[in-house]
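Participant: Below is a structure I'd like to ask you about.
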There are 2 protein chains.
Amino acid sequence: MSERVYNFGAGPCTLPLQVLEEAQKEFVDFQNAGMSLLEMSHRGREYDAVHHEAMALALEVFQAPKDFSVLFIQGGATLQFAMVPMNLLDSGQKGAYTLTGHWAKGAYTDAQTAGEAYCAWDGADCSYTRMPADNEISLESGTRYVHITSNETIGGIRWKQWPDCSAPLVADMSSDFMSRPVQWEKFDIVYGGTQKNLGPAGMAVVFLRTSILEKTNRHIPRYLRFDLHQAKDSMFNTPPVFSVYMLGKVLKWMKAEGGLQAMQERAAQKSQLVYDTIDSSAGFYRSPVDPDSRSQMNIVFRLPSEALEARFLQEATQKGLMQLKGHRSVGGCRASLYNAMPLAGVQALCAFMQNFQKQHAL
Amino acid sequence: MSERVYNFGAGPCTLPLQVLEEAQKEFVDFQNAGMSLLEMSHRGREYDAVHHEAMALALEVFQAPKDFSVLFIQGGATLQFAMVPMNLLDSGQKGAYTLTGHWAKGAYTDAQTAGEAYCAWDGADCSYTRMPADNEISLESGTRYVHITSNETIGGIRWKQWPDCSAPLVADMSSDFMSRPVQWEKFDIVYGGTQKNLGPAGMAVVFLRTSILEKTNRHIPRYLRFDLHQAKDSMFNTPPVFSVYMLGKVLKWMKAEGGLQAMQERAAQKSQLVYDTIDSSAGFYRSPVDPDSRSQMNIVFRLPSEALEARFLQEATQKGLMQLKGHRSVGGCRASLYNAMPLAGVQALCAFMQNFQKQHAL
């Protein structure tokens with residue numbers, strides 16, 4: 001057994017150690033049934049309890065109101081890029097997309113093949129270093145929803161406030177899922193992949209306003225229909241048993257740790273430590289994004305040269321500070337501080353950054 | 001730790017104990033990296049090796065020819081019900097569906113919303129108790145493919161021989177995946193969910209003739225495009241890491257046990273034991289399906305009364321012979337004998353059946 005490292009990867013990413021250890025313990029023999037949970041029927045008593053507990057916890061921990069449903073659907077956020085317009089856009093209706101970075105553009109690309117979609121704001125002019133103000137978002141008539149990406153994992157920016165728009169919001173929250181409260185009254189759908197704050201890769205969690213199902217499209221293949229997943233409690237077909245089970249465990253951990261409020265406070269505290277380290281480095285470390293749009297989950301930063309960045313990453317790895325490399329499309333460094341990253345890990349990172357600067361500043 | 005039971009469930013279902021124990025051992029700390037595989041980047045060295053090994057093993061163990069590719073896609077066989085027609089059917093082309101039971105009808109339902117599909121044979125007249133002969137399958141002009149369900153999990157029938165048709169075959173092999181050889185020259189696509197012979201629920205494995213990608217549809221959302229998954233080695237988006245990892249372990253186990261040939265021999269041997277028990281019971285146990293279409297994976301059988309069936313299931317459970325209940329839509333009993341079911345489990349079942357008959361025969 002190796003010593004546990006601090007894993008700053010952007011996803012898949014660090015999970016609560018307690019969750020991993022619990023899952024390991026019951027992996028081969030679940031609740032003394034003489035078999036693994038992975039081998040049990042998804043229609044059986046044991047899995048049914050696991051499944052419905054995860055559903056209830058998801059709604060509770062995220063403080064979703066009673067008129068919202070939660071769905072578990074395979075295919076990650078990427079399949080939701082397709083399902084949202086396929087289900088929501090009736091003929092004559094349009095989806096408005098705010099292009100705030102890599103992931104928002106992906107959602108827009110898919111929406112264009114699945115319905116009528118248009119760009120309501122494009123951050124290309126500022127190289128996607130900030131989110132728009134409300135009055136920069138231009139909506140056309142016939143807009144069914146406004147799609148936002150709450151946090152851009154690669155660009156390292158987030159919507160600090162949820163925008164006020166004249167149409168309901170649909171949000172991809174993959175990379176800051178359940179790290180802060182949602183103003184539910186503004187949203188019809190909130191979705192995201194599980195593989196950052198909620199567990200291993202292999203599933204999306206979709207929160208949707210139940211009443212919208214009255215009008216969603218039924219003339220599409222069944223796996224792509226929100227109404228069917230909802231009507232069958234996400235057991236329309238065999239659910240991804242292990243993903244749901246791990247989600248339930250992560251949610252239980254979040255609840256025991258103080259829930260959404262605690263996750264929000266920790267995210268603010270942890271990210272502030274890193275941004276303070278950057279801001280007090282006299283330019284040695286540099287954040288390329290607008291201060292008002294800084295992400296609390298994915299902190300991107302640059303060093304004075306690519307050579308120093310390579311050295312930084314190498315020395316960090318030697319000290320057990322792992323996966324700090326920026327996305328291959330943008331380079332530089334990135335520290336992802338998801339819910340399961342302990343404060344001690346962030347403190348170790350900041351101490352390392354200060355020390356590295358001392359050794360390498362001109 | 002409870003004593004391990006024999007699990008005859010139809011899926012999710014029994015997995016090789018050795019695979020479960022290995023996965024448990026390395027669950028929290030993978031290859032002494034100080035983190036779980038679940039926490040590692042899907043772009044990193046460790047996962048990349050796991051992923052590509054699983055791809056190579058899938059092609060090798062299933063004896064797929066060089067002009068086939070293998071894809072890992074979330075959503076199970078059910079999402080493939082949609083993706084097959086969405087990708088394959090050009091305007092003017094049709095999918096022919098052989099309706100052989102519950103799962104074939106599901107594939108047909110979805111195809112009708114995604115393209116032009118028609119019924120080429122319907123087993124309704126025989127209550128889906130047999131597969132059609134070649135000359136019963138009626139193809140229309142413009143047929144792009146003929147869809148078959150190699151084994152009906154609920155009905156308990158299988159295609160003993162692959163049919164000869166004038167169009168390429170597309171097969172859902174979910175419930176007898178990698179339990180027998182495929183005549184690859186007849187097929188364009190072979191797909192199935194993993195949660196029977198290949199691992200836990202949460203993924204489909206799709207084998208396709210690579211050359212068909214030249215003509216598949218690009219005007220659909222990206223997650224639904226075969227060509228993109230193939231071009232990116234199924235890492236177009238974050239793959240279901242745990243599912244791929246477990247698939248690799250199951251395939252390694254299959255290879256070590258003698259590969260496809262051994263799985264085929266065992267399936268024949270194990271199913272013969274149960275059918276012999278049924279056939280020699282003087283009508284106490286009764287198989288409702290045509291002898292020539294009998295499944296080697298899912299053996300459905302009835303007892304003289306529903307009261308006796310209930311008692312049979314209750315006593316079997318007490319003896320550690322689990323999940324023998326038939327699908328809720330058809331009732332009765334069903335013994336699923338997937339690759340990972342040991343011969344000893346089948347012998348125990350047959351002994352129990354004979355004993356139960358002695359005690360309860362009139």
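Residues in the structure tokens are named by chain (A, B, ... in the order shown) and by number from 1 within that chain; ligands are numbered from 1 in the order shown.
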DSSP on the backbone, then: every residue of stretch 47-289 of chain A marked strand (DSSP E or B), written as a CSV table (one decimal) with N, CA, C and O atoms, in the first residue's frame.

Facilitator:
```csv
chain,number,residue,atom,x,y,z
A,68,PHE,N,-39.1,19.2,-8.5
A,68,PHE,CA,-38.0,18.7,-9.4
A,68,PHE,C,-37.8,17.2,-9.2
A,68,PHE,O,-38.1,16.6,-8.2
A,69,SER,N,-37.4,16.5,-10.3
A,69,SER,CA,-37.1,15.1,-10.3
A,69,SER,C,-35.6,14.9,-10.6
A,69,SER,O,-35.0,15.8,-11.1
A,70,VAL,N,-35.1,13.8,-10.1
A,70,VAL,CA,-33.7,13.5,-10.4
A,70,VAL,C,-33.6,12.2,-11.3
A,70,VAL,O,-34.4,11.2,-11.0
A,71,LEU,N,-32.8,12.2,-12.3
A,71,LEU,CA,-32.6,11.1,-13.2
A,71,LEU,C,-31.1,10.7,-13.2
A,71,LEU,O,-30.2,11.5,-13.2
A,72,PHE,N,-30.9,9.4,-13.4
A,72,PHE,CA,-29.6,8.9,-13.6
A,72,PHE,C,-29.5,8.3,-15.0
A,72,PHE,O,-30.2,7.4,-15.3
A,73,ILE,N,-28.7,8.9,-15.8
A,73,ILE,CA,-28.6,8.5,-17.2
A,73,ILE,C,-27.2,8.3,-17.7
A,73,ILE,O,-26.3,9.1,-17.3
A,94,LYS,N,-36.4,27.5,-30.0
A,94,LYS,CA,-34.9,27.6,-30.1
A,94,LYS,C,-34.2,27.4,-28.8
A,94,LYS,O,-34.8,27.9,-27.8
A,95,GLY,N,-33.1,26.9,-28.8
A,95,GLY,CA,-32.2,26.9,-27.7
A,95,GLY,C,-31.1,28.0,-27.8
A,95,GLY,O,-30.5,28.1,-28.9
A,96,ALA,N,-31.0,28.8,-26.8
A,96,ALA,CA,-30.0,29.9,-26.8
A,96,ALA,C,-28.7,29.3,-26.0
A,96,ALA,O,-28.8,28.8,-24.9
A,97,TYR,N,-27.6,29.5,-26.7
A,97,TYR,CA,-26.3,29.0,-26.1
A,97,TYR,C,-25.3,30.1,-25.8
A,97,TYR,O,-25.0,30.9,-26.7
A,98,THR,N,-24.9,30.1,-24.5
A,98,THR,CA,-23.8,31.1,-24.2
A,98,THR,C,-22.5,30.4,-24.3
A,98,THR,O,-22.2,29.4,-23.6
A,99,LEU,N,-21.7,30.9,-25.2
A,99,LEU,CA,-20.4,30.2,-25.5
A,99,LEU,C,-19.3,30.7,-24.6
A,99,LEU,O,-18.7,31.8,-24.9
A,116,GLU,N,-33.2,23.6,-33.3
A,116,GLU,CA,-32.7,24.9,-33.7
A,116,GLU,C,-32.0,25.5,-32.5
A,116,GLU,O,-32.6,25.7,-31.4
A,117,ALA,N,-30.8,25.9,-32.7
A,117,ALA,CA,-30.0,26.5,-31.6
A,117,ALA,C,-29.2,27.7,-32.2
A,117,ALA,O,-28.8,27.7,-33.3
A,118,TYR,N,-29.0,28.7,-31.3
A,118,TYR,CA,-28.2,29.9,-31.7
A,118,TYR,C,-27.3,30.3,-30.6
A,118,TYR,O,-27.5,30.0,-29.4
A,119,CYS,N,-26.4,31.1,-31.0
A,119,CYS,CA,-25.4,31.6,-30.0
A,119,CYS,C,-25.9,32.9,-29.4
A,119,CYS,O,-26.2,33.9,-30.1
A,120,ALA,N,-26.1,33.0,-28.1
A,120,ALA,CA,-26.6,34.2,-27.4
A,120,ALA,C,-25.5,35.0,-26.9
A,120,ALA,O,-25.7,36.2,-26.5
A,121,TRP,N,-24.3,34.5,-26.8
A,121,TRP,CA,-23.1,35.3,-26.4
A,121,TRP,C,-21.9,34.4,-26.7
A,121,TRP,O,-21.9,33.2,-26.6
A,122,ASP,N,-20.9,35.1,-27.2
A,122,ASP,CA,-19.6,34.3,-27.5
A,122,ASP,C,-18.4,35.0,-26.9
A,122,ASP,O,-18.2,36.2,-27.1
A,143,THR,N,-37.3,31.6,-27.9
A,143,THR,CA,-36.3,30.9,-27.1
A,143,THR,C,-36.9,30.0,-26.0
A,143,THR,O,-37.6,30.5,-25.2
A,144,ARG,N,-36.7,28.7,-26.1
A,144,ARG,CA,-37.3,27.8,-25.1
A,144,ARG,C,-36.4,27.7,-23.8
A,144,ARG,O,-37.0,27.6,-22.8
A,145,TYR,N,-35.1,27.8,-24.0
A,145,TYR,CA,-34.2,27.8,-22.8
A,145,TYR,C,-32.9,28.5,-23.2
A,145,TYR,O,-32.5,28.7,-24.3
A,146,VAL,N,-32.2,28.9,-22.1
A,146,VAL,CA,-30.9,29.5,-22.3
A,146,VAL,C,-29.9,28.5,-21.6
A,146,VAL,O,-30.0,28.2,-20.4
A,147,HIS,N,-29.0,28.0,-22.4
A,147,HIS,CA,-28.0,27.0,-21.9
A,147,HIS,C,-26.8,27.7,-21.4
A,147,HIS,O,-26.2,28.5,-22.0
A,148,ILE,N,-26.4,27.4,-20.1
A,148,ILE,CA,-25.1,27.9,-19.6
A,148,ILE,C,-24.3,26.7,-19.1
A,148,ILE,O,-24.8,25.6,-18.8
A,149,THR,N,-23.0,26.9,-19.0
A,149,THR,CA,-22.0,26.0,-18.5
A,149,THR,C,-21.6,26.7,-17.2
A,149,THR,O,-20.8,27.6,-17.2
A,151,ASN,N,-19.5,26.2,-14.9
A,151,ASN,CA,-18.0,26.3,-14.6
A,151,ASN,C,-17.3,25.6,-15.8
A,151,ASN,O,-17.6,24.5,-16.2
A,152,GLU,N,-16.4,26.4,-16.4
A,152,GLU,CA,-15.6,25.8,-17.5
A,152,GLU,C,-14.4,25.2,-17.0
A,152,GLU,O,-13.4,25.8,-16.6
A,157,ILE,N,-13.1,29.3,-15.5
A,157,ILE,CA,-14.1,30.4,-15.2
A,157,ILE,C,-15.4,29.8,-14.7
A,157,ILE,O,-15.8,28.7,-15.1
A,158,ARG,N,-16.2,30.6,-14.0
A,158,ARG,CA,-17.5,30.2,-13.5
A,158,ARG,C,-18.4,31.4,-13.5
A,158,ARG,O,-18.0,32.5,-13.4
A,169,LEU,N,-33.4,28.7,-17.5
A,169,LEU,CA,-32.0,28.2,-17.7
A,169,LEU,C,-31.9,26.7,-17.8
A,169,LEU,O,-32.7,26.0,-17.1
A,170,VAL,N,-31.0,26.2,-18.6
A,170,VAL,CA,-30.6,24.8,-18.5
A,170,VAL,C,-29.1,24.9,-18.3
A,170,VAL,O,-28.4,25.6,-19.0
A,171,ALA,N,-28.6,24.2,-17.3
A,171,ALA,CA,-27.2,24.3,-17.0
A,171,ALA,C,-26.4,23.0,-17.0
A,171,ALA,O,-26.9,22.0,-16.4
A,172,ASP,N,-25.3,23.0,-17.6
A,172,ASP,CA,-24.3,21.9,-17.4
A,172,ASP,C,-23.5,22.3,-16.2
A,172,ASP,O,-22.7,23.2,-16.3
A,187,PHE,N,-34.3,27.7,-13.1
A,187,PHE,CA,-33.8,26.6,-14.0
A,187,PHE,C,-34.9,25.6,-14.3
A,187,PHE,O,-35.8,25.3,-13.5
A,188,ASP,N,-34.9,25.1,-15.5
A,188,ASP,CA,-35.7,23.9,-15.9
A,188,ASP,C,-34.9,22.6,-15.8
A,188,ASP,O,-35.5,21.6,-15.4
A,189,ILE,N,-33.6,22.7,-16.1
A,189,ILE,CA,-32.8,21.5,-16.0
A,189,ILE,C,-31.4,21.9,-15.5
A,189,ILE,O,-30.8,22.9,-15.9
A,190,VAL,N,-30.9,21.1,-14.6
A,190,VAL,CA,-29.5,21.1,-14.2
A,190,VAL,C,-28.9,19.7,-14.3
A,190,VAL,O,-29.5,18.8,-13.8
A,191,TYR,N,-27.8,19.6,-15.1
A,191,TYR,CA,-27.3,18.3,-15.3
A,191,TYR,C,-25.8,18.3,-15.2
A,191,TYR,O,-25.1,19.4,-15.2
A,192,GLY,N,-25.2,17.1,-15.1
A,192,GLY,CA,-23.7,17.1,-15.1
A,192,GLY,C,-23.2,15.6,-15.0
A,192,GLY,O,-24.0,14.7,-14.6
A,193,GLY,N,-22.0,15.4,-15.5
A,193,GLY,CA,-21.4,14.1,-15.3
A,193,GLY,C,-21.1,13.9,-13.9
A,193,GLY,O,-20.9,14.9,-13.1
A,204,ALA,N,-24.5,10.5,-15.9
A,204,ALA,CA,-24.9,11.9,-15.6
A,204,ALA,C,-26.1,11.9,-14.6
A,204,ALA,O,-26.9,10.9,-14.6
A,205,VAL,N,-26.1,12.9,-13.8
A,205,VAL,CA,-27.2,13.1,-12.9
A,205,VAL,C,-28.0,14.4,-13.5
A,205,VAL,O,-27.4,15.4,-13.7
A,206,VAL,N,-29.3,14.2,-13.7
A,206,VAL,CA,-30.1,15.2,-14.3
A,206,VAL,C,-31.2,15.6,-13.3
A,206,VAL,O,-32.0,14.8,-13.0
A,207,PHE,N,-31.2,16.9,-13.0
A,207,PHE,CA,-32.4,17.4,-12.2
A,207,PHE,C,-33.3,18.2,-13.1
A,207,PHE,O,-32.8,19.1,-13.8
A,208,LEU,N,-34.5,17.8,-13.1
A,208,LEU,CA,-35.4,18.6,-14.0
A,208,LEU,C,-36.7,18.9,-13.4
A,208,LEU,O,-37.2,18.2,-12.5
A,209,ARG,N,-37.3,20.1,-13.8
A,209,ARG,CA,-38.6,20.5,-13.3
A,209,ARG,C,-39.6,19.5,-13.9
A,209,ARG,O,-39.8,19.4,-15.1
A,286,ARG,N,0.6,33.4,-12.5
A,286,ARG,CA,-0.3,34.4,-13.2
A,286,ARG,C,-1.6,33.7,-13.5
A,286,ARG,O,-1.6,32.6,-14.1
```

Participant: Using only C-alpha atoms, determine which residues of chain B fall within 6 Å of chain A; present them as a compact mmCIF listing (two decimals) with N, CA and C atoms, in the first residue's frame.

Facilitator:
```
# COMPACT_ATOMS: atom_id res chain seq x y z
N SER B 2 -20.03 -13.95 4.17
CA SER B 2 -20.96 -15.05 3.98
C SER B 2 -20.42 -16.03 2.95
N GLU B 3 -20.93 -17.26 3.00
CA GLU B 3 -20.56 -18.24 2.00
C GLU B 3 -21.10 -17.80 0.64
N ARG B 4 -20.30 -17.97 -0.39
CA ARG B 4 -20.73 -17.52 -1.71
C ARG B 4 -21.86 -18.41 -2.21
N VAL B 5 -22.90 -17.77 -2.77
CA VAL B 5 -24.05 -18.50 -3.28
C VAL B 5 -23.88 -18.77 -4.77
N PRO B 12 -28.05 -7.89 -14.04
CA PRO B 12 -26.70 -8.23 -13.61
C PRO B 12 -26.66 -9.61 -12.97
N CYS B 13 -25.51 -10.24 -13.03
CA CYS B 13 -25.44 -11.66 -12.75
C CYS B 13 -24.07 -12.06 -12.21
N THR B 14 -23.91 -13.35 -12.05
CA THR B 14 -22.69 -13.84 -11.44
C THR B 14 -21.45 -13.44 -12.25
N LEU B 20 -13.60 -10.46 -9.07
CA LEU B 20 -14.07 -9.60 -7.97
C LEU B 20 -12.98 -9.42 -6.91
N GLN B 24 -11.16 -5.97 -5.87
CA GLN B 24 -11.25 -5.51 -4.48
C GLN B 24 -9.87 -5.15 -3.93
N VAL B 28 -8.56 0.63 -3.76
CA VAL B 28 -8.24 1.94 -3.15
C VAL B 28 -6.90 2.46 -3.65
N ASN B 32 0.08 0.80 -6.76
CA ASN B 32 0.90 1.62 -5.85
C ASN B 32 1.03 3.07 -6.28
N GLY B 34 -0.95 5.39 -5.06
CA GLY B 34 -1.45 6.25 -3.99
C GLY B 34 -2.83 6.80 -4.27
N LEU B 38 -10.19 4.73 -10.13
CA LEU B 38 -11.37 5.56 -10.35
C LEU B 38 -11.06 7.05 -10.27
N GLU B 39 -9.93 7.39 -9.65
CA GLU B 39 -9.56 8.80 -9.45
C GLU B 39 -8.55 9.28 -10.48
N MET B 40 -8.14 8.38 -11.36
CA MET B 40 -7.08 8.75 -12.31
C MET B 40 -7.66 9.37 -13.57
N SER B 41 -6.89 10.26 -14.17
CA SER B 41 -7.29 10.85 -15.43
C SER B 41 -7.44 9.76 -16.49
N GLN B 74 -21.53 3.98 -23.45
CA GLN B 74 -22.48 3.89 -22.34
C GLN B 74 -23.92 3.74 -22.87
N GLY B 75 -24.81 3.37 -21.96
CA GLY B 75 -26.23 3.30 -22.32
C GLY B 75 -26.73 1.90 -22.60
N LEU B 79 -29.35 1.85 -25.71
CA LEU B 79 -28.93 3.00 -26.52
C LEU B 79 -28.52 2.55 -27.92
N ALA B 82 -31.08 2.62 -30.57
CA ALA B 82 -31.21 3.91 -31.24
C ALA B 82 -30.05 4.18 -32.19
N ASP B 110 -37.60 1.24 -31.12
CA ASP B 110 -36.70 2.40 -31.20
C ASP B 110 -36.31 2.71 -32.64
N THR B 113 -38.58 5.05 -34.56
CA THR B 113 -38.51 6.49 -34.30
C THR B 113 -37.24 7.11 -34.89
N PRO B 200 -19.94 -5.84 -14.97
CA PRO B 200 -21.06 -5.13 -14.35
C PRO B 200 -21.87 -4.35 -15.38
N ALA B 201 -23.04 -3.87 -14.99
CA ALA B 201 -23.86 -3.02 -15.86
C ALA B 201 -23.20 -1.67 -16.04
N GLY B 202 -23.47 -1.04 -17.19
CA GLY B 202 -23.01 0.34 -17.38
C GLY B 202 -22.35 0.62 -18.71
N HIS B 219 -24.69 13.68 -39.18
CA HIS B 219 -25.57 14.80 -38.82
C HIS B 219 -26.42 14.47 -37.60
N ILE B 220 -25.78 13.91 -36.61
CA ILE B 220 -26.45 13.57 -35.36
C ILE B 220 -25.53 14.02 -34.23
N PRO B 221 -26.05 14.17 -33.01
CA PRO B 221 -25.19 14.59 -31.90
C PRO B 221 -23.99 13.65 -31.73
N TYR B 223 -22.21 12.19 -29.38
CA TYR B 223 -22.14 10.96 -28.59
C TYR B 223 -22.79 9.79 -29.32
N PRO B 240 -16.46 5.19 -19.30
CA PRO B 240 -16.86 4.62 -18.02
C PRO B 240 -15.74 3.73 -17.48
```

Participant: Please identify the alpha helix (DSSP H) residues within stretch 47-171 of chain B (assignment by DSSP from backbone atoms) and present them as a PyMOL selection string.

Facilitator: chain B and resi 47-61+76-88+102-114

Participant: Could you tell me how far atom CA of B:Pro291 lies from atom CA of B:Ala262, in Å and to one decimal?

Facilitator: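 It comes out at 23.2 Å.
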
Participant: In Å, with one decimal, what is the gap from atom CA of A:Gln269 to atom CA of A:Met55?

Facilitator: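 Here the two named atoms are 29.1 Å from each other.
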
Participant: What gap, in Å, lies between atom CA of A:Trp253 and atom CA of A:Ser150?

Facilitator: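 Interatomic distance, atom CA of A:Trp253 to atom CA of A:Ser150: 23.4 Å.
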